[in-house]
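This report concerns only the one structure given below.
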Amino acid sequence: MTNQTGTEILDSAECWELLRSTSVGRLAVDVGGRPDIFPINYVVDDGNLVFRSGAGTKLASAALMHHVAFEIDGYLPLKRTAWSVVVKGWADQVEEMYDVFAAEDLPLFPWAAHPKPNFVRISPQEVTGRRFHVLDDVRPDASIGWEPVHAAPDAVVPEPGAEFHPGHPYLRPD
């Protein structure tokens with residue numbers, strides 16, 4: 001479904017497909033009444049998200065405060081589209097012995113050198129996603145991973161009037 005701004009609302013199945021296709025996202029938690037965000041690597045396990053954590057703010061905020069939000073995003077440079085998926089849910093530390101053993105078997109390994117012996121499970125209550133066309137005038141730079149169109153010999157450059165072309169935007173990029 002596409003809304004009037006040209007943003008495509010992703011269905012649940014596509015959101016889960018995107019969640020399974022990547023392994024890094026951002027966890028948003030409440031730390032003493034103030035928001036904080038942590039990058040985490042994760043896996044999808046039986047309709048839940050699981051990540052590892054050492055002792056500290058992230059573990060305490062996620063596992064003790066419980067309400068969390070999690071976000072992933074990406075882009076398809078040749079299609080000039082970007083997408084985002086947000087999961088809102090309930091986080092709990094995995095503590096039951098058999099659940100910990102099962103979590104140990106997941107393909108989930110810490111990226112940082114310090115120990116991350118704790119597993120946290122996010123049980124989604126709401127999963128939403130959206131996709132939109134990046135305006136043809138916008139020239140994202142390599143700092144976000146975009147390659148110039150000329151770098152790909154088989155790249156298709158959208159033409160005005162082509163599908164998803166927004167016409168003349170009211171706001172121009174800086």
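The chains in the structure tokens are called A, B, ... from first to last as shown; in each chain the residues are counted from 1, and the ligands are counted from 1 in the order shown.
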
Between segment 32-69 of chain A and segment 88-103 of chain A, at 9 Å or less, what are the per-residue closest atom pairs and their distances in Å? Count only C-alpha atoms, order by chain and rising residue number, and return it as a tab-separated table.
residue	atom	partner	partner_atom	distance
A:Asp45	CA	A:Ala103	CA	8.9
A:Val50	CA	A:Ala103	CA	7.9
A:Leu59	CA	A:Gln93	CA	7.9
A:Ala62	CA	A:Ala91	CA	5.6
A:Ala63	CA	A:Asp92	CA	4.6
A:Leu64	CA	A:Asp92	CA	7.3
A:Met65	CA	A:Ala91	CA	8.0
A:His66	CA	A:Ala91	CA	4.7
A:His67	CA	A:Trp90	CA	4.9
A:Val68	CA	A:Gly89	CA	5.6
A:Ala69	CA	A:Lys88	CA	4.4

Practice item. Quick one: everything within 12 Å of Glu14 of chain A, counting only C-alpha atoms, minus sequence neighbours fewer than 2 positions away in the same chain. Send it as a list in words. Key: Glu8, Ile9, Leu10, Asp11, Ser12, Trp16, Glu17, Leu18, Leu19, Arg20, Ser21, Trp83, Ser84, Val85, Val127, Thr128, Gly129, Arg130 and Arg131 of chain A

Review point. Neighbours of segment 80-82 of chain A within 7 Å (only C-alpha atoms; same-chain residues fewer than 5 positions away dropped), as a ChimeraX atom specification?
Key: /A:74-75,131-134

Selection file, N, CA and C atoms, as a PDB file, in the first residue's frame:
ATOM      1  N   GLY A  74      17.741   0.348   5.415  1.00  0.00           N
ATOM      2  CA  GLY A  74      18.632   0.004   4.326  1.00  0.00           C
ATOM      3  C   GLY A  74      18.262   0.760   3.078  1.00  0.00           C
ATOM      4  N   TYR A  75      18.985   0.482   2.019  1.00  0.00           N
ATOM      5  CA  TYR A  75      18.770   1.184   0.768  1.00  0.00           C
ATOM      6  C   TYR A  75      19.179   0.269  -0.380  1.00  0.00           C
ATOM      7  N   ARG A 131       8.857   1.995   2.763  1.00  0.00           N
ATOM      8  CA  ARG A 131       9.854   2.127   1.696  1.00  0.00           C
ATOM      9  C   ARG A 131       9.499   3.380   0.904  1.00  0.00           C
ATOM     10  N   PHE A 132      10.531   4.087   0.448  1.00  0.00           N
ATOM     11  CA  PHE A 132      10.258   5.266  -0.373  1.00  0.00           C
ATOM     12  C   PHE A 132      11.345   5.427  -1.423  1.00  0.00           C
ATOM     13  N   HIS A 133      10.984   6.123  -2.487  1.00  0.00           N
ATOM     14  CA  HIS A 133      11.908   6.418  -3.576  1.00  0.00           C
ATOM     15  C   HIS A 133      12.746   7.630  -3.193  1.00  0.00           C
ATOM     16  N   VAL A 134      14.054   7.529  -3.390  1.00  0.00           N
ATOM     17  CA  VAL A 134      14.953   8.651  -3.136  1.00  0.00           C
ATOM     18  C   VAL A 134      14.902   9.551  -4.362  1.00  0.00           C
TER      19      VAL A 134
END

Check your understanding: Out of segment 19-111 of chain A, which residues get strand (DSSP E) from DSSP, as a PyMOL selection string?
Key -> chain A and resi 24-31+34-45+48-53+67-76+81-93

Those residues with C-alpha atoms, as a PDB file, in the first residue's frame please?
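Dumped everything to result.pdb:
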ATOM      1  CA  VAL A  24      22.551  -5.044  12.828  1.00  0.00           C
ATOM      2  CA  GLY A  25      20.094  -2.492  14.158  1.00  0.00           C
ATOM      3  CA  ARG A  26      19.510   0.109  16.837  1.00  0.00           C
ATOM      4  CA  LEU A  27      17.865  -0.572  20.175  1.00  0.00           C
ATOM      5  CA  ALA A  28      16.035   2.364  21.777  1.00  0.00           C
ATOM      6  CA  VAL A  29      15.498   2.243  25.538  1.00  0.00           C
ATOM      7  CA  ASP A  30      14.482   4.504  28.392  1.00  0.00           C
ATOM      8  CA  VAL A  31      17.395   5.273  30.710  1.00  0.00           C
ATOM      9  CA  ARG A  34      15.654   9.807  28.915  1.00  0.00           C
ATOM     10  CA  PRO A  35      15.917   7.981  25.577  1.00  0.00           C
ATOM     11  CA  ASP A  36      19.120   6.247  24.578  1.00  0.00           C
ATOM     12  CA  ILE A  37      20.045   4.200  21.517  1.00  0.00           C
ATOM     13  CA  PHE A  38      22.502   1.313  21.226  1.00  0.00           C
ATOM     14  CA  PRO A  39      23.723  -0.437  18.096  1.00  0.00           C
ATOM     15  CA  ILE A  40      23.289  -4.206  18.413  1.00  0.00           C
ATOM     16  CA  ASN A  41      23.704  -7.297  16.312  1.00  0.00           C
ATOM     17  CA  TYR A  42      20.770  -9.678  16.550  1.00  0.00           C
ATOM     18  CA  VAL A  43      19.046 -12.733  15.108  1.00  0.00           C
ATOM     19  CA  VAL A  44      15.403 -13.523  14.460  1.00  0.00           C
ATOM     20  CA  ASP A  45      14.354 -16.569  16.463  1.00  0.00           C
ATOM     21  CA  ASN A  48      11.355 -12.787  18.379  1.00  0.00           C
ATOM     22  CA  LEU A  49      14.602 -10.823  18.189  1.00  0.00           C
ATOM     23  CA  VAL A  50      17.524 -11.987  20.316  1.00  0.00           C
ATOM     24  CA  PHE A  51      20.728 -10.120  21.108  1.00  0.00           C
ATOM     25  CA  ARG A  52      23.649 -10.494  23.495  1.00  0.00           C
ATOM     26  CA  SER A  53      24.693  -7.969  26.106  1.00  0.00           C
ATOM     27  CA  HIS A  67       9.454  -1.523  26.757  1.00  0.00           C
ATOM     28  CA  VAL A  68      11.847  -1.086  23.827  1.00  0.00           C
ATOM     29  CA  ALA A  69      11.921  -0.056  20.204  1.00  0.00           C
ATOM     30  CA  PHE A  70      14.246  -1.517  17.611  1.00  0.00           C
ATOM     31  CA  GLU A  71      14.968  -0.198  14.120  1.00  0.00           C
ATOM     32  CA  ILE A  72      16.752  -1.366  10.993  1.00  0.00           C
ATOM     33  CA  ASP A  73      17.043   0.422   7.686  1.00  0.00           C
ATOM     34  CA  GLY A  74      18.632   0.004   4.326  1.00  0.00           C
ATOM     35  CA  TYR A  75      18.770   1.184   0.768  1.00  0.00           C
ATOM     36  CA  LEU A  76      18.930  -0.182  -2.751  1.00  0.00           C
ATOM     37  CA  THR A  81      14.849   3.240  -2.731  1.00  0.00           C
ATOM     38  CA  ALA A  82      15.319   3.309   1.026  1.00  0.00           C
ATOM     39  CA  TRP A  83      13.416   1.335   3.666  1.00  0.00           C
ATOM     40  CA  SER A  84      12.956   1.175   7.410  1.00  0.00           C
ATOM     41  CA  VAL A  85      11.464  -1.391   9.797  1.00  0.00           C
ATOM     42  CA  VAL A  86      10.554  -0.602  13.418  1.00  0.00           C
ATOM     43  CA  VAL A  87       9.765  -3.192  16.081  1.00  0.00           C
ATOM     44  CA  LYS A  88       8.117  -2.090  19.318  1.00  0.00           C
ATOM     45  CA  GLY A  89       7.905  -4.676  22.015  1.00  0.00           C
ATOM     46  CA  TRP A  90       8.804  -6.150  25.324  1.00  0.00           C
ATOM     47  CA  ALA A  91      12.377  -7.147  26.255  1.00  0.00           C
ATOM     48  CA  ASP A  92      13.279  -9.805  28.787  1.00  0.00           C
ATOM     49  CA  GLN A  93      16.584 -11.298  29.790  1.00  0.00           C
TER      50      GLN A  93
END

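For the choices A:Gly32, A:Leu135, A:Gly47, A:Ala113, the atom-to-atom distance to Ala13 of chain A is smallest for A:Gly47 when using only C-alpha atoms.
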